[in-house]
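Enquirer: Dropping a structure here in structure tokens format, bear with me for questions.
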Amino acid sequence: MTLSPQAFAYVSDLVRREAAIVLGPGKEYLVEARLLPLARAAGAADVSAYVSSLQRSGNPTQRMAVVEALTTNETSWFRDGEPFEVFRSTVLPELLSSTPPTRRLNIWSAACSSGQEAYTIAMLLADHGQGRKAEILASDLSTEMLDRTKAGAYSQLEIGRGLPAPMMVKHFRRAGTQWQVSDQLRAMVRTQRINLATPFPPLPVFDVVFLRNVLIYFDAPTKKAILQRVRQVLSPQGYLFLGGAETTLGIDDSWGRTTIGRFTLYRPQAATPGANPPVATAPLTTTVLPPRWAAAAEGR
Amino acid sequence: MTTTLDLQLEDIRVVTDDVWTSFLATYGPLEWSPVTLEEASPTDELVQASVAIHGDWTGTVTLEMAPATAETAARTMLHLDAVEEVDVTDALGELVNMIGGNIKSLLPSGSTLGLPIVIRAPLCTAGASTIEHYRVELTWAGTPIRIRVWSTAR
Amino acid sequence: MRALVIDDSRTMRSLLSRQLVALGYETLQAGNGQEALEVMDQAGADVPVLATVDWNMPVMDGLTFVQRVRTRQEWRSMSLMMVTTEAEYDQIVRALAAGAHEYLIKPFTPEAFSDKLQLLGLLPERAAQ
């Protein structure tokens with residue numbers, strides 16, 4: 001019943017090549033749990049049988065489905081802490097001081113999946129935004145994901161993925177077997193179906209765009225086209241957050257890079273003359289360990 | 001005062017599913033069973049783990065399965081090739097503790113959870129002072145598993 | 001780095017210890033809050049960086065343990081993570097108010113546990129993705 005070593009080797013190799021995500025030894029259960037629904041849907045006897053049939057057929061749609069099952073569900077709140085710490089400590093204070101207090105901040109969570117990133121940003125704005133009006137556009141290709149984002153209800157296992165307990169009790173309430181995000185946060189998030197690979201619908205000018213772990217799914221020309229379209233809707237003083245394994249380098253060279261701690265942010269080139277320009281506020285001093293979110297959330 | 005119990009079978013299923021997904025997914029998921037534990041059980045003895053909930057509603061949550069199934073669960077949770085009776089008892093106790101604790105969180109707040117008790121019993125034991133309210137028949141690793149929620153008669 | 005795993009279930013102690021050891025921790029174990037306090041006293045100046053604390057245990061429950069730890073200045077550096085089946089909103093608030101830093105509801109996946117370690121700054125570098 002357990003996953004065969006051959007099946008695991010094939011899947012981990014596939015995911016490493018397609019999504020730059022390493023599934024080390026001991027992750028067999030993860031592969032098993034995530035691929036079981038696909039194996040079922042395909043009528044395979046078990047996950048190993050499903051994987052070996054995929055290995056034989058090489059069906060690209062199924063391969064992508066496997067990669068997605070092992071990557072896109074990795075939606076977790078602050079687990080991937082660095083981008084959010086950079087947003088809270090550097091980007092947000094900079095935006096608050098450089099824009100008129102009456103102006104609404106516009107932030108885009110692109111390919112939002114079930115909404116964890118959008119609500120994580122909303123929590124940071126609620127706690128550190130000095131009362132500034134803000135809207136987070138959460139977009140996805142899947143209307144099912146948009147509905148989930150709009151609902152803002154998460155299972156116990158989903159809520160367990162890297163949401164600091166002090167923030168959970170501050171922004172969520174229990175509703176049956178689920179945890180419901182507060183109305184305050186829900187009111188900050190707007191959902192819209194957007195296909196990143198085609199021309200965008202009319203959009204506001206964004207101060208920040210989160211486009212994390214999305215480009216990995218596209219080929220080089222599409223990556224370039226997406227980055228160019230994003231630049232058109234991003235304020236010249238705006239910021240682009242990409243995933244840890246992603247870069248604009250060698251794809252679209254009209255972006256400047258700003259390094260804060262170990263994290264790299266991207267800004268439209270004109271706003272950042274020079275190779276590694278200074279940012280307006282002090283950079284992070286700690287680069288080794290992530291912050292104690294508990295302390296941050298309580299303002300201790 | 002005993003308030004009525006307002007649970008959905010689906011809630012019990014979700015709670016149990018989460019426990020299995022977290023600790024026992026290696027042997028595949030839980031499924032609804034079309035037959036009862038009595039019909040499906042290969043033995044006439046069961047391991048029955050129970051945990052009490054005290055509060056506005058007072059009762060018990062039980063988890064039942066054949067000894068061989070309980071052993072598989074314990075081996076999986078402990079990552080061991082062979083387990084002893086004491087391991088099986090402890091593992092089943094922790095499983096029912098997690099199911100009971102999460103069911104408690106669906107009840108009016110202020111209830112408390114007892115410590116788990118695990119026994120080996122013949123099929124179909126029910127105390128004379130208890131009323132069965134909910135029953136979820138499941139299968140896992142090709143064998144039957146049952147969750148029941150009982151209230152203590154006043 | 002040392003971690004203290006407190007749970008009355010041997011299964012849960014073994015599960016948590018196994019994951020902590022895989023992350024490079026040395027683990028101590030205790031079956032209830034009282035035992036845990038004794039382990040802490042024996043450890044002396046070598047205070048564990050982390051305790052995972054079950055709530056419902058015989059002799060001394062986890063909430064009482066957290067309250068006791070918080071009265072001891074020399075144990076201030078230790079991070080306290082409740083790992084419990086107590087899943088109600090009010091209980092989580094109570095535990096945080098008593099001094100717990102994190103709260104993980106059972107059941108949990110191995111990923112959720114390492115996520116919590118990361119939030120506490122206790123996930124060793126090589127294990128962080």
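Residue numbering restarts at 1 for every chain of the structure tokens, chains are lettered A, B, ... in their displayed order, and ligands are numbered from 1 as they appear.
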Up to 12 Å from chain A, what residues of chain B turn up? Count only C-alpha atoms and give them as a VMD selection string.
Expert: chain B and resid 6 to 30 76 79 99 101 to 109 140 to 142
Enquirer: Once you count only C-alpha atoms, what closest atom pair and distance in Å to one decimal does each residue of range 136-244 of chain A within 7 Å of range 109-125 of chain C have, with rows by chain and rising residue number, as JSON lines?
Expert:
```
{"residue": "A:Gly160", "atom": "CA", "partner": "C:Ala112", "partner_atom": "CA", "distance": 5.5}
{"residue": "A:Arg161", "atom": "CA", "partner": "C:Ala112", "partner_atom": "CA", "distance": 4.9}
{"residue": "A:Gly162", "atom": "CA", "partner": "C:Asp115", "partner_atom": "CA", "distance": 4.8}
{"residue": "A:Pro164", "atom": "CA", "partner": "C:Leu119", "partner_atom": "CA", "distance": 6.8}
```
Enquirer: Nearest to Phe108 in chain C among C:Leu16, C:Leu80, C:Met60, C:Val66, with distances taken over only C-alpha atoms: which residue is it?
Expert: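 Using only C-alpha atoms, Phe108 in chain C sits closest to C:Leu16.
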Enquirer: Among chain C, which residues carry a DSSP assignment of alpha helix (DSSP H), reported as a PyMOL selection string?
Expert: chain C and resi 10-22+33-43+62-70+89-98+110-119
Enquirer: Of the residues B:Pro34, B:Pro144, B:Gly110, B:Pro122, which is the one nearest to chain C, using only C-alpha atoms?
Expert: B:Gly110
Enquirer: Could you list, as a ChimeraX atom specification, every residue within 8 Å of Ala110 in chain A, counting only C-alpha atoms and ignoring same-chain residues fewer than 4 positions away?
Expert: /A:137-140,209-212
Enquirer: Please write the residues from the selection above to a file, keeping N, CA, C and O atoms, as a compact mmCIF listing (two decimals), in the first residue's frame.
Expert:
```txt
# COMPACT_ATOMS: atom_id res chain seq x y z
N LEU A 137 -6.33 42.96 -3.74
CA LEU A 137 -6.99 42.22 -4.80
C LEU A 137 -6.43 40.81 -4.79
O LEU A 137 -5.22 40.62 -4.95
N ALA A 138 -7.30 39.84 -4.58
CA ALA A 138 -6.87 38.44 -4.62
C ALA A 138 -7.38 37.85 -5.93
O ALA A 138 -8.59 37.81 -6.16
N SER A 139 -6.47 37.44 -6.79
CA SER A 139 -6.91 36.91 -8.08
C SER A 139 -6.45 35.48 -8.25
O SER A 139 -5.44 35.07 -7.69
N ASP A 140 -7.22 34.74 -9.01
CA ASP A 140 -6.83 33.38 -9.34
C ASP A 140 -7.54 33.01 -10.64
O ASP A 140 -8.49 33.67 -11.06
N VAL A 209 2.85 44.15 -5.54
CA VAL A 209 2.31 42.94 -6.18
C VAL A 209 3.03 41.72 -5.61
O VAL A 209 4.26 41.67 -5.59
N PHE A 210 2.25 40.79 -5.08
CA PHE A 210 2.79 39.50 -4.66
C PHE A 210 2.52 38.50 -5.77
O PHE A 210 1.36 38.17 -6.06
N LEU A 211 3.58 38.04 -6.42
CA LEU A 211 3.47 37.09 -7.53
C LEU A 211 4.41 35.94 -7.21
O LEU A 211 5.44 35.77 -7.84
N ARG A 212 4.05 35.21 -6.14
CA ARG A 212 5.00 34.22 -5.61
C ARG A 212 4.66 32.81 -6.05
O ARG A 212 3.52 32.38 -5.99
```
